[in-house]
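Enquirer: Below: one structure in structure tokens.
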Number of protein chains: 2
Amino acid sequence: MSYIASIGTLAAILTTAAFVPQVVRVIRTRDTHAISLIMYVLFSLGVSLWCVYGLLLGLWPVMVANLITLLLALVVLAMKLRGG
Amino acid sequence: MSYIASIGTLAAILTTAAFVPQVVRVIRTRDTHAISLIMYVLFSLGVSLWCVYGLLLGLWPVMVANLITLLLALVVLAMKLRGG
């Protein structure tokens with residue numbers, strides 16, 4: 001793998017993994033007050049489209065990374081919808 | 001532009017624009033309690049690497065979209081660091 005591909009891989013891992021501590025925080029505290037509902041609606045839609053994009057171009061890393069991000073974002077969104 | 005490129009463009013616009021309502025919310029309410037500090041640290045690092053990736057490959061849409069996302073994420077991060 002070229003060093004540019006390595007940078008892309010690390011970037012994808014970081015932007016996906018970033019949502020793990022947010023998911024842990026909202027599940028543990030049940031506090032979602034400061035979190036923007038509109039952000040997670042738009043973000044989930046956008047990440048879904050990145051999945052479709054990856055699927056259509058056969059870019060499996062793009063598809064898988066965004067699918068994981070989508071699942072994590074949907075947990076935050078669900079907690080926000082439950083918590084108000 | 002092919003329909004696949006259109007999907008990618010819409011995906012990029014959504015995942016970048018998603019952070020605008022979060023920025024507005026933290027500035028207006030000064031409340032960042034539910035927001036994960038670690039999420040915004042990891043996410044900012046990841047988006048920075050996506051900028052570098054776009055720069056190295058000459059993918060200007062990737063670079064510009066991620067640069068805007070980075071600026072928005074840094075505002076949330078700064079407000080979190082100020083607010084605790």
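As shown in the structure tokens, the chain order sets the letters A, B, ...; within each chain, residues go from 1, and ligands are also counted from 1 in the order they appear.
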Would you write out chain B as a short mmCIF file (atom, residue, chain, number, x, y, z; two decimals) with C-alpha atoms, in the first residue's frame, after superposing it on chain A by least squares over all in-order Cα pairs?
Expert:
```
data_model
loop_
_atom_site.label_atom_id
_atom_site.label_comp_id
_atom_site.auth_asym_id
_atom_site.auth_seq_id
_atom_site.Cartn_x
_atom_site.Cartn_y
_atom_site.Cartn_z
CA MET B 1 0.00 0.00 -0.03
CA SER B 2 1.35 3.42 -0.97
CA TYR B 3 1.88 5.99 1.75
CA ILE B 4 -1.02 8.02 0.31
CA ALA B 5 -3.32 4.99 0.64
CA SER B 6 -2.05 4.57 4.21
CA ILE B 7 -3.02 8.17 4.98
CA GLY B 8 -6.49 7.53 3.52
CA THR B 9 -6.87 4.35 5.56
CA LEU B 10 -5.81 6.08 8.79
CA ALA B 11 -8.17 8.98 7.98
CA ALA B 12 -11.07 6.54 7.46
CA ILE B 13 -10.29 4.67 10.70
CA LEU B 14 -10.15 7.93 12.69
CA THR B 15 -13.33 9.51 11.30
CA THR B 16 -15.22 6.24 11.89
CA ALA B 17 -13.72 5.40 15.31
CA ALA B 18 -14.40 8.98 16.47
CA PHE B 19 -18.09 8.10 16.90
CA VAL B 20 -17.40 5.25 19.34
CA PRO B 21 -16.68 7.51 22.37
CA GLN B 22 -19.76 9.60 21.51
CA VAL B 23 -21.93 6.47 21.43
CA VAL B 24 -20.43 5.28 24.74
CA ARG B 25 -21.05 8.70 26.28
CA VAL B 26 -24.72 9.00 25.28
CA ILE B 27 -25.45 5.40 26.34
CA ARG B 28 -23.70 5.83 29.69
CA THR B 29 -25.03 9.28 30.59
CA ARG B 30 -28.37 9.21 28.69
CA ASP B 31 -27.62 12.91 28.12
CA THR B 32 -28.09 14.12 24.54
CA HIS B 33 -29.16 17.70 25.28
CA ALA B 34 -26.16 19.42 23.64
CA ILE B 35 -26.27 17.15 20.61
CA SER B 36 -27.89 18.53 17.46
CA LEU B 37 -30.72 16.38 16.10
CA ILE B 38 -30.40 18.01 12.66
CA MET B 39 -26.67 17.22 12.60
CA TYR B 40 -27.28 13.50 13.09
CA VAL B 41 -30.15 13.42 10.57
CA LEU B 42 -28.04 15.13 7.87
CA PHE B 43 -24.92 13.17 8.78
CA SER B 44 -26.73 9.81 8.67
CA LEU B 45 -28.20 10.67 5.26
CA GLY B 46 -24.76 11.74 3.99
CA VAL B 47 -23.00 8.65 5.29
CA SER B 48 -25.75 6.47 3.73
CA LEU B 49 -25.01 8.12 0.38
CA TRP B 50 -21.26 7.49 0.88
CA CYS B 51 -22.16 3.79 1.33
CA VAL B 52 -24.15 3.82 -1.92
CA TYR B 53 -21.26 5.63 -3.65
CA GLY B 54 -18.77 3.02 -2.42
CA LEU B 55 -21.11 0.21 -3.46
CA LEU B 56 -21.65 1.60 -6.97
CA LEU B 57 -17.91 2.10 -7.55
CA GLY B 58 -16.94 -1.19 -5.87
CA LEU B 59 -14.87 0.74 -3.31
CA TRP B 60 -15.31 -1.69 -0.43
CA PRO B 61 -13.25 0.24 2.15
CA VAL B 62 -15.43 3.32 1.48
CA MET B 63 -18.59 1.22 1.81
CA VAL B 64 -17.55 -0.65 4.97
CA ALA B 65 -16.11 2.40 6.79
CA ASN B 66 -19.25 4.42 6.07
CA LEU B 67 -21.55 1.54 7.02
CA ILE B 68 -19.88 1.31 10.44
CA THR B 69 -20.05 5.12 10.81
CA LEU B 70 -23.74 4.99 9.85
CA LEU B 71 -24.53 2.39 12.53
CA LEU B 72 -22.72 4.46 15.18
CA ALA B 73 -24.43 7.70 14.08
CA LEU B 74 -27.83 5.96 14.14
CA VAL B 75 -27.27 4.94 17.78
CA VAL B 76 -26.61 8.59 18.71
CA LEU B 77 -29.64 9.66 16.64
CA ALA B 78 -31.87 7.06 18.32
CA MET B 79 -30.71 8.14 21.79
CA LYS B 80 -31.35 11.79 20.84
CA LEU B 81 -34.87 10.95 19.63
CA ARG B 82 -35.56 9.04 22.85
CA GLY B 83 -34.02 11.65 25.11
CA GLY B 84 -35.33 14.75 23.36
#
```
Enquirer: Check the DSSP output for the backbone and give back, as an MDAnalysis selection string, the residues of chain B in alpha helix (DSSP H).
Expert: chainID B and resid 3:17 19:29 37:57 60:83
